[in-house]
Each structure stands twice: as structure tokens, then as C-alpha cells.
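Just input.txt here, compact mmCIF, C-alpha atoms:
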```
# COMPACT_ATOMS: atom_id res chain seq x y z
CA MET A 1 31.82 310.68 -53.70
CA THR A 2 35.27 310.39 -52.18
CA TRP A 3 38.03 307.82 -52.35
CA GLU A 4 39.93 306.55 -49.33
CA ARG A 5 42.71 304.11 -48.58
CA ASP A 6 43.35 302.54 -45.18
CA GLY A 7 46.21 304.21 -43.36
CA PHE A 8 46.11 307.41 -45.39
CA THR A 9 43.41 309.54 -43.76
CA SER A 10 45.22 312.73 -44.86
CA HIS A 11 44.67 311.76 -48.48
CA GLU A 12 40.97 311.60 -49.27
CA GLY A 13 40.54 311.77 -53.02
CA SER A 14 37.76 312.98 -55.29
CA VAL A 15 37.04 314.34 -58.74
CA GLY A 16 38.01 317.96 -59.19
CA VAL A 17 36.90 320.15 -62.06
CA LEU A 18 38.38 322.90 -64.19
CA LEU A 19 36.55 325.76 -65.87
CA PRO A 20 37.23 326.53 -69.56
CA ASP A 21 39.89 329.10 -68.52
CA GLY A 22 41.78 326.38 -66.61
CA SER A 23 40.90 327.65 -63.14
CA GLU A 24 39.40 325.60 -60.34
CA PRO A 25 35.97 326.92 -59.32
CA ARG A 26 35.03 327.93 -55.82
CA PRO A 27 32.69 325.65 -53.87
CA ALA A 28 29.12 325.82 -55.12
CA ILE A 29 26.75 327.30 -52.57
CA PHE A 30 23.04 326.48 -52.38
CA ASP A 31 20.51 328.40 -50.33
CA ILE A 32 18.33 325.74 -48.74
CA GLY A 33 15.58 328.22 -48.05
CA SER A 34 15.42 329.00 -44.39
CA GLY A 35 17.72 330.60 -41.91
CA SER A 36 21.28 331.62 -42.50
CA SER A 37 22.65 328.20 -43.35
CA PHE A 38 23.81 327.34 -46.83
CA TYR A 39 24.83 324.04 -48.38
CA GLU A 40 28.31 324.09 -49.88
CA THR A 41 29.80 321.44 -52.16
CA THR A 42 32.60 320.79 -54.59
CA ASP A 43 31.01 317.67 -56.11
CA TRP A 44 32.10 317.69 -59.75
CA TRP A 45 28.65 317.11 -61.22
CA VAL A 46 27.12 320.32 -59.80
CA TYR A 47 29.32 322.39 -62.14
CA ASP A 48 26.99 321.75 -65.07
CA GLY A 49 26.18 325.40 -65.77
CA THR A 50 22.75 325.43 -64.12
CA LEU A 51 21.56 327.47 -61.15
CA ARG A 52 24.16 330.19 -61.86
CA ILE A 53 26.98 327.74 -61.16
CA PRO A 54 29.77 327.80 -63.75
CA ARG A 55 30.06 324.96 -66.24
CA ALA A 56 33.21 322.87 -65.91
CA SER A 57 34.86 321.63 -69.06
CA ARG A 58 37.39 319.18 -67.63
CA MET A 59 37.93 316.93 -64.61
CA ARG A 60 41.00 315.71 -62.77
CA GLY A 61 41.92 313.87 -59.62
CA LYS A 62 42.33 315.86 -56.43
CA CYS A 63 43.34 315.06 -52.88
CA SER A 64 42.54 316.62 -49.52
CA CYS A 65 46.30 317.12 -48.99
CA GLY A 66 46.26 319.75 -51.76
CA TRP A 67 47.53 317.57 -54.61
CA ARG A 68 45.90 318.09 -58.01
CA GLY A 69 46.31 315.76 -60.97
CA GLU A 70 48.42 317.10 -63.81
CA THR A 71 46.25 315.40 -66.43
CA SER A 72 42.71 316.60 -67.01
CA TYR A 73 39.93 314.84 -68.88
CA PRO A 74 37.04 316.36 -70.85
CA ILE A 75 33.54 316.18 -69.40
CA ASP A 76 30.85 315.24 -71.90
CA TRP A 77 27.80 316.76 -70.23
CA GLU A 78 25.54 315.03 -72.77
CA GLU A 79 26.63 311.71 -71.21
CA VAL A 80 26.17 312.77 -67.57
CA LEU A 81 22.85 311.46 -66.26
CA ARG A 82 21.09 314.13 -64.27
CA ASP A 83 19.46 311.53 -61.99
CA ASP A 84 22.63 309.46 -61.60
CA PRO A 85 25.80 311.52 -62.19
CA HIS A 86 27.87 308.86 -60.39
CA ALA A 87 27.28 306.54 -63.36
CA TYR A 88 29.59 308.77 -65.42
CA ASP A 89 33.07 307.31 -65.88
CA THR A 90 35.48 309.04 -63.49
CA SER A 91 37.97 306.18 -63.41
CA ALA A 92 40.83 308.15 -64.99
CA PRO A 93 40.94 310.83 -62.24
CA ARG A 94 40.62 308.06 -59.65
CA GLU A 95 43.58 306.20 -61.17
CA ASP A 96 45.63 309.41 -61.07
CA TRP A 97 44.76 309.82 -57.37
CA ALA A 98 45.68 306.17 -56.74
CA GLN A 99 49.07 306.84 -58.36
CA HIS A 100 49.45 309.89 -56.11
CA LEU A 101 48.90 307.59 -53.11
CA GLU A 102 51.47 305.14 -54.46
CA ASP A 103 53.93 308.05 -54.60
CA VAL A 104 53.01 309.10 -51.04
CA GLN A 105 53.41 305.53 -49.80
CA ALA A 106 56.79 305.19 -51.52
CA ARG A 107 58.07 308.14 -49.46
CA THR A 108 56.88 306.75 -46.11
CA VAL A 109 59.26 305.17 -43.63
CA PRO A 110 59.49 301.50 -44.57
CA LEU A 111 58.49 298.95 -41.98
CA PRO A 112 60.63 295.88 -41.44
CA ALA A 113 59.26 292.94 -43.44
CA ASP A 114 58.52 290.88 -40.34
CA VAL A 115 56.45 293.73 -38.83
CA THR A 116 54.52 294.14 -42.09
CA ASP A 117 53.81 290.38 -42.15
CA LEU A 118 52.68 290.39 -38.52
CA LEU A 119 50.35 293.34 -39.09
CA ASP A 120 48.86 291.72 -42.20
CA GLN A 121 48.29 288.46 -40.33
CA LEU A 122 46.81 290.27 -37.34
CA ARG A 123 44.42 292.27 -39.49
CA GLY A 124 43.19 289.15 -41.28
CA ARG A 125 42.82 287.20 -38.06
CA LEU A 126 40.94 290.03 -36.32
CA GLU A 127 38.57 290.42 -39.28
CA HIS A 128 37.62 286.74 -38.98
CA LEU A 129 37.48 286.95 -35.20
CA ALA A 130 35.09 289.93 -35.41
CA ASP A 131 32.69 287.75 -37.44
CA ASP A 132 33.07 284.61 -35.31
CA ALA A 133 33.65 285.98 -31.78
CA PRO A 134 33.07 289.74 -31.61
CA LEU A 135 33.82 289.98 -27.87
CA ALA A 136 37.17 288.27 -28.38
CA ALA A 137 37.89 290.70 -31.23
CA LEU A 138 37.06 293.63 -28.94
CA ARG A 139 39.38 292.24 -26.28
CA ALA A 140 42.14 291.97 -28.88
CA VAL A 141 41.49 295.56 -29.98
CA HIS A 142 41.80 296.64 -26.35
CA GLU A 143 45.15 294.83 -26.14
CA LEU A 144 46.29 296.73 -29.23
CA GLU A 145 45.23 300.01 -27.63
CA THR A 146 47.26 299.05 -24.56
CA ILE A 147 50.31 298.45 -26.76
CA ILE A 148 49.77 301.81 -28.47
CA GLY A 149 49.49 303.50 -25.07
CA ALA A 150 52.73 301.88 -23.93
CA ILE A 151 54.83 302.44 -27.05
CA GLY A 152 53.25 305.52 -28.67
CA PRO A 153 54.45 308.10 -26.11
CA SER A 154 58.09 307.02 -26.17
CA ALA A 155 58.13 306.75 -29.98
CA ALA A 156 56.55 310.21 -30.30
CA PHE A 157 58.99 311.64 -27.74
CA LEU A 158 61.99 310.19 -29.55
CA ALA A 159 60.71 311.41 -32.95
CA LEU A 160 60.24 314.93 -31.57
CA ARG A 161 63.37 315.06 -29.39
CA GLU A 162 65.17 318.38 -29.77
CA ASP A 163 63.58 319.04 -33.16
CA GLU A 164 66.02 316.60 -34.79
CA ILE A 165 63.51 315.65 -37.48
CA PRO A 166 61.71 318.54 -39.23
CA TRP A 167 57.93 318.36 -39.38
CA ASP A 168 57.82 318.02 -43.15
CA ARG A 169 59.99 314.87 -42.92
CA ILE A 170 57.86 313.47 -40.09
CA ALA A 171 54.73 314.05 -42.18
CA GLU A 172 56.28 312.48 -45.27
CA GLY A 173 57.53 309.49 -43.28
CA LEU A 174 54.05 308.88 -41.88
CA GLY A 175 52.28 309.45 -45.20
CA ALA A 176 50.33 312.34 -43.70
CA THR A 177 49.97 316.07 -44.05
CA GLU A 178 52.01 318.11 -41.60
CA LYS A 179 48.87 319.10 -39.70
CA ASP A 180 47.74 315.48 -39.36
CA ALA A 181 51.24 314.34 -38.37
CA ARG A 182 51.31 316.95 -35.58
CA THR A 183 47.88 315.80 -34.39
CA ARG A 184 48.91 312.15 -34.46
CA LEU A 185 52.16 312.69 -32.55
CA PHE A 186 50.44 314.93 -30.02
CA ARG A 187 47.79 312.23 -29.49
CA TYR A 188 50.42 309.50 -29.09
CA SER A 189 52.60 311.57 -26.78
CA HIS A 190 49.68 312.25 -24.43
CA ARG A 191 48.44 308.67 -24.04
CA ILE A 192 50.15 308.14 -20.70
```
As C-alpha cells, the full file:
Amino acid sequence: MTWERDGFTSHEGSVGVLLPDGSEPRPAIFDIGSGSSFYETTDWWVYDGTLRIPRASRMRGKCSCGWRGETSYPIDWEEVLRDDPHAYDTSAPREDWAQHLEDVQARTVPLPADVTDLLDQLRGRLEHLADDAPLAALRAVHELETIIGAIGPSAAFLALREDEIPWDRIAEGLGATEKDARTRLFRYSHRI
């Protein structure tokens, strides 16, 4: 189970676990029985000490960007339902991850208030339009893609001009990892 927030694809969150020594375990690997393929997972609930997988003692929030929550929470394995591990309360790690996203968002480049208002209105209107007139919504989406194609390349070019802005600042300003920021700007700059 992962957590996501619109606009922050570089920051997929989930529950991470810690072993009794404080280390983070490697992904658990399961042999599914045939061939050379193996199933690999880091789902917190598989670290219950069975099937030669180490037993985790604590959980914390984690993010695909590499962030790990500073606070960890004990796992009471007696309370984890084997048939429904997702029923176990993981709200504290999720709240820590949500705070991490608030911190990421606070470091992004602020949009002018009128642009934020327009985008909010447009999103709401398109959501209703998709329900009421899906073809009209698709036409509007196409118009947005046209705007992106017209403005994206020049904005990407200006952001990258002569390496004036370092990649770590670009990534922070976009609320992305450096790798994702490079991918995004490359995609925008080649939309001509």
C-alpha cells in the first residue's frame, strides 16, 4: 500500500520498517516456484519473522525520494491480522510522510495567487465536465496539452539556460527529485 499526492509523483510514500538493531531490511524475496523470476517486496507486513524473513520491531514513514521518518513506532505483531494486515493502524507513519510532503511543498516555487485560483477552478470545472460531457472534457484536455506544447519548451529552455540554476534547485522548486526534474524538463523542452 502506497500513498500519493497529486503533483508530487517523485514522493510516493509507504510504511518502512526497522529491525531490532535499527537497520532497514533488504527487500524480501519470494521464490514463486518456476523459472528464474522472484517476487520482491518491501511491504511492511511481510517482515513478521516467518519464511526466513527477519522480524521488524518498528515502523516509520518512508518516501520514494529517499526520505525516512525520524520517528519510529513499535509494531505489535499480536495485533496484525494475518489475513488483513492493512487493518493495522499505520496512520502515524502516514502522517509523518504527509508532513514531509508539506515540507517539500513549502520549498517549491510559489505560483501567483491568480494562477493558483485559475488552476483550481479549471480542475473543478473539468472534473464536472468529464462526468457530464466527456468529449468536451477531452477537447479541453487537448487544449491544455496544446498550451503545454507551446509554453513548456520556452520555459524549460529559460530554466536551463547556461546552467544558471543548479539541478538541485530546479528539483526543489518543482517539488521533485533531481532525476524526475531532469526527465520533466527534457520532456517539456522536446515538445516542439
**Asked** For the atom pair CA of Gln105 (chain A) and CA of Glu127 (chain A), what is the interatomic distance in Å to one decimal place?
**Response**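 Calculated distance between CA of Gln105 (chain A) and CA of Glu127 (chain A) is 23.6 Å.
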**Fill in**
Using all atoms listed in the file, the best pick from A:Thr183, A:Ala176, A:Ala98, A:Leu144 as closest to Leu119 (chain A) would be A:Leu144
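We find CA of Phe8 (chain A) and CA of Ala137 (chain A) to be spaced 23.4 Å apart.
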**Asked** What does the distance from CA of Ser23 (chain A) to CA of Pro54 (chain A) come to in Å, to one decimal?
**Response**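 Computing it gives 11.1 Å between the two atoms.
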**Message:** I'd like to know which of A:Arg55, A:Arg60, A:His190, A:Arg82 is closest to Ile151 (chain A), using all atoms listed in the file.
**Reply:**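 The shortest atom-to-atom distance to Ile151 (chain A) comes from A:His190.
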**Message:** If we count only C-alpha atoms and set the cut-off at 12 Å, which residues sit around Leu51 (chain A), ignoring sequence neighbours fewer than 6 positions away in its own chain? Please answer as a list of chain:residue names.
**Reply:**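 Contacts, in chain order: A:Ala28, A:Ile29, A:Phe30, A:Asp31.
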**Item:** Best match for closeness to Ser64 (chain A) among A:Thr108, A:Ser154, A:Thr2, A:Thr50, counting all atoms listed in the file
**Value:**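 For Ser64 (chain A), the nearest of the candidates is A:Thr2.
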**Item:** Among the residues A:Val109, A:Asp120, A:Pro27, A:Gly66, the one that comes closest to Ile170 (chain A) [using all atoms listed in the file]
**Value:**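 So, comparing all the options, the nearest one is A:Val109.
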**Asked** Could you name the residues that touch region 88-94 of chain A at 8 Å or less, counting only C-alpha atoms, but leaving out those on the same chain fewer than 2 positions away, as a list of chain:residue names?
**Response**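 Here the answer would be A:Trp3, A:Gly13, A:Ser14, A:Val15, A:Met59, A:Arg60, A:Gly61, A:Lys62, A:Gly69, A:Ser72, A:Tyr73, A:Glu79, A:Val80, A:Leu81, A:Asp84, A:Pro85, A:His86, A:Asp96, A:Trp97, A:Ala98.
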**Complete:** Shortest contact to His11 (chain A), candidates A:Leu126, A:Glu178, A:Thr116, A:Cys63, atoms counted only C-alpha atoms, goes to A:Cys63
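Restricting the calculation to all atoms listed in the file, the smallest distance between Ala171 (chain A) and any of A:Val104, A:Arg58, A:Pro20, A:Ala140 is found for A:Val104.
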Your completed region 133-153 of chain A with N, CA, C and O atoms, as a PDB file, keeping the file's coordinate frame:
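Listing of rebuild_13.pdb after writing:
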```pdb
ATOM      1  N   ALA A 133      33.666 285.747 -33.238  1.00  0.00           N
ATOM      2  CA  ALA A 133      33.650 285.980 -31.780  1.00  0.00           C
ATOM      3  C   ALA A 133      33.898 287.459 -31.517  1.00  0.00           C
ATOM      4  O   ALA A 133      35.009 287.872 -31.172  1.00  0.00           O
ATOM      5  N   PRO A 134      32.873 288.296 -31.703  1.00  0.00           N
ATOM      6  CA  PRO A 134      33.070 289.740 -31.610  1.00  0.00           C
ATOM      7  C   PRO A 134      33.643 290.208 -30.265  1.00  0.00           C
ATOM      8  O   PRO A 134      34.434 291.145 -30.239  1.00  0.00           O
ATOM      9  N   LEU A 135      33.264 289.561 -29.157  1.00  0.00           N
ATOM     10  CA  LEU A 135      33.820 289.980 -27.870  1.00  0.00           C
ATOM     11  C   LEU A 135      35.316 289.696 -27.794  1.00  0.00           C
ATOM     12  O   LEU A 135      36.087 290.492 -27.244  1.00  0.00           O
ATOM     13  N   ALA A 136      35.742 288.583 -28.341  1.00  0.00           N
ATOM     14  CA  ALA A 136      37.170 288.270 -28.380  1.00  0.00           C
ATOM     15  C   ALA A 136      37.911 289.290 -29.258  1.00  0.00           C
ATOM     16  O   ALA A 136      39.018 289.719 -28.922  1.00  0.00           O
ATOM     17  N   ALA A 137      37.285 289.681 -30.357  1.00  0.00           N
ATOM     18  CA  ALA A 137      37.890 290.700 -31.230  1.00  0.00           C
ATOM     19  C   ALA A 137      38.021 292.018 -30.478  1.00  0.00           C
ATOM     20  O   ALA A 137      39.047 292.699 -30.571  1.00  0.00           O
ATOM     21  N   LEU A 138      36.986 292.394 -29.720  1.00  0.00           N
ATOM     22  CA  LEU A 138      37.060 293.630 -28.940  1.00  0.00           C
ATOM     23  C   LEU A 138      38.155 293.564 -27.873  1.00  0.00           C
ATOM     24  O   LEU A 138      38.841 294.546 -27.608  1.00  0.00           O
ATOM     25  N   ARG A 139      38.307 292.394 -27.262  1.00  0.00           N
ATOM     26  CA  ARG A 139      39.380 292.240 -26.280  1.00  0.00           C
ATOM     27  C   ARG A 139      40.740 292.400 -26.956  1.00  0.00           C
ATOM     28  O   ARG A 139      41.643 293.043 -26.417  1.00  0.00           O
ATOM     29  N   ALA A 140      40.887 291.836 -28.142  1.00  0.00           N
ATOM     30  CA  ALA A 140      42.140 291.970 -28.880  1.00  0.00           C
ATOM     31  C   ALA A 140      42.400 293.430 -29.258  1.00  0.00           C
ATOM     32  O   ALA A 140      43.533 293.916 -29.161  1.00  0.00           O
ATOM     33  N   VAL A 141      41.357 294.144 -29.659  1.00  0.00           N
ATOM     34  CA  VAL A 141      41.490 295.560 -29.980  1.00  0.00           C
ATOM     35  C   VAL A 141      41.945 296.338 -28.749  1.00  0.00           C
ATOM     36  O   VAL A 141      42.808 297.220 -28.822  1.00  0.00           O
ATOM     37  N   HIS A 142      41.387 295.990 -27.596  1.00  0.00           N
ATOM     38  CA  HIS A 142      41.800 296.640 -26.350  1.00  0.00           C
ATOM     39  C   HIS A 142      43.282 296.367 -26.079  1.00  0.00           C
ATOM     40  O   HIS A 142      44.014 297.271 -25.649  1.00  0.00           O
ATOM     41  N   GLU A 143      43.730 295.145 -26.324  1.00  0.00           N
ATOM     42  CA  GLU A 143      45.150 294.830 -26.140  1.00  0.00           C
ATOM     43  C   GLU A 143      46.017 295.677 -27.068  1.00  0.00           C
ATOM     44  O   GLU A 143      47.086 296.147 -26.671  1.00  0.00           O
ATOM     45  N   LEU A 144      45.552 295.881 -28.297  1.00  0.00           N
ATOM     46  CA  LEU A 144      46.290 296.730 -29.230  1.00  0.00           C
ATOM     47  C   LEU A 144      46.346 298.171 -28.735  1.00  0.00           C
ATOM     48  O   LEU A 144      47.381 298.838 -28.841  1.00  0.00           O
ATOM     49  N   GLU A 145      45.234 298.657 -28.193  1.00  0.00           N
ATOM     50  CA  GLU A 145      45.230 300.010 -27.630  1.00  0.00           C
ATOM     51  C   GLU A 145      46.200 300.121 -26.470  1.00  0.00           C
ATOM     52  O   GLU A 145      46.860 301.152 -26.297  1.00  0.00           O
ATOM     53  N   THR A 146      46.310 299.064 -25.676  1.00  0.00           N
ATOM     54  CA  THR A 146      47.260 299.050 -24.560  1.00  0.00           C
ATOM     55  C   THR A 146      48.691 299.128 -25.082  1.00  0.00           C
ATOM     56  O   THR A 146      49.524 299.863 -24.546  1.00  0.00           O
ATOM     57  N   ILE A 147      48.972 298.394 -26.161  1.00  0.00           N
ATOM     58  CA  ILE A 147      50.310 298.450 -26.760  1.00  0.00           C
ATOM     59  C   ILE A 147      50.592 299.852 -27.291  1.00  0.00           C
ATOM     60  O   ILE A 147      51.683 300.402 -27.083  1.00  0.00           O
ATOM     61  N   ILE A 148      49.613 300.451 -27.953  1.00  0.00           N
ATOM     62  CA  ILE A 148      49.770 301.810 -28.470  1.00  0.00           C
ATOM     63  C   ILE A 148      50.054 302.779 -27.326  1.00  0.00           C
ATOM     64  O   ILE A 148      50.936 303.631 -27.413  1.00  0.00           O
ATOM     65  N   GLY A 149      49.297 302.624 -26.227  1.00  0.00           N
ATOM     66  CA  GLY A 149      49.490 303.500 -25.070  1.00  0.00           C
ATOM     67  C   GLY A 149      50.856 303.331 -24.434  1.00  0.00           C
ATOM     68  O   GLY A 149      51.409 304.274 -23.864  1.00  0.00           O
ATOM     69  N   ALA A 150      51.423 302.128 -24.519  1.00  0.00           N
ATOM     70  CA  ALA A 150      52.730 301.880 -23.930  1.00  0.00           C
ATOM     71  C   ALA A 150      53.878 302.335 -24.829  1.00  0.00           C
ATOM     72  O   ALA A 150      54.894 302.833 -24.354  1.00  0.00           O
ATOM     73  N   ILE A 151      53.727 302.166 -26.129  1.00  0.00           N
ATOM     74  CA  ILE A 151      54.830 302.440 -27.050  1.00  0.00           C
ATOM     75  C   ILE A 151      54.706 303.815 -27.717  1.00  0.00           C
ATOM     76  O   ILE A 151      55.710 304.470 -27.990  1.00  0.00           O
ATOM     77  N   GLY A 152      53.478 304.254 -27.975  1.00  0.00           N
ATOM     78  CA  GLY A 152      53.250 305.520 -28.670  1.00  0.00           C
ATOM     79  C   GLY A 152      53.947 306.714 -28.032  1.00  0.00           C
ATOM     80  O   GLY A 152      54.631 307.477 -28.732  1.00  0.00           O
ATOM     81  N   PRO A 153      53.816 306.924 -26.707  1.00  0.00           N
ATOM     82  CA  PRO A 153      54.450 308.100 -26.110  1.00  0.00           C
ATOM     83  C   PRO A 153      55.972 308.131 -26.262  1.00  0.00           C
ATOM     84  O   PRO A 153      56.541 309.167 -26.600  1.00  0.00           O
TER      85      PRO A 153
END
```
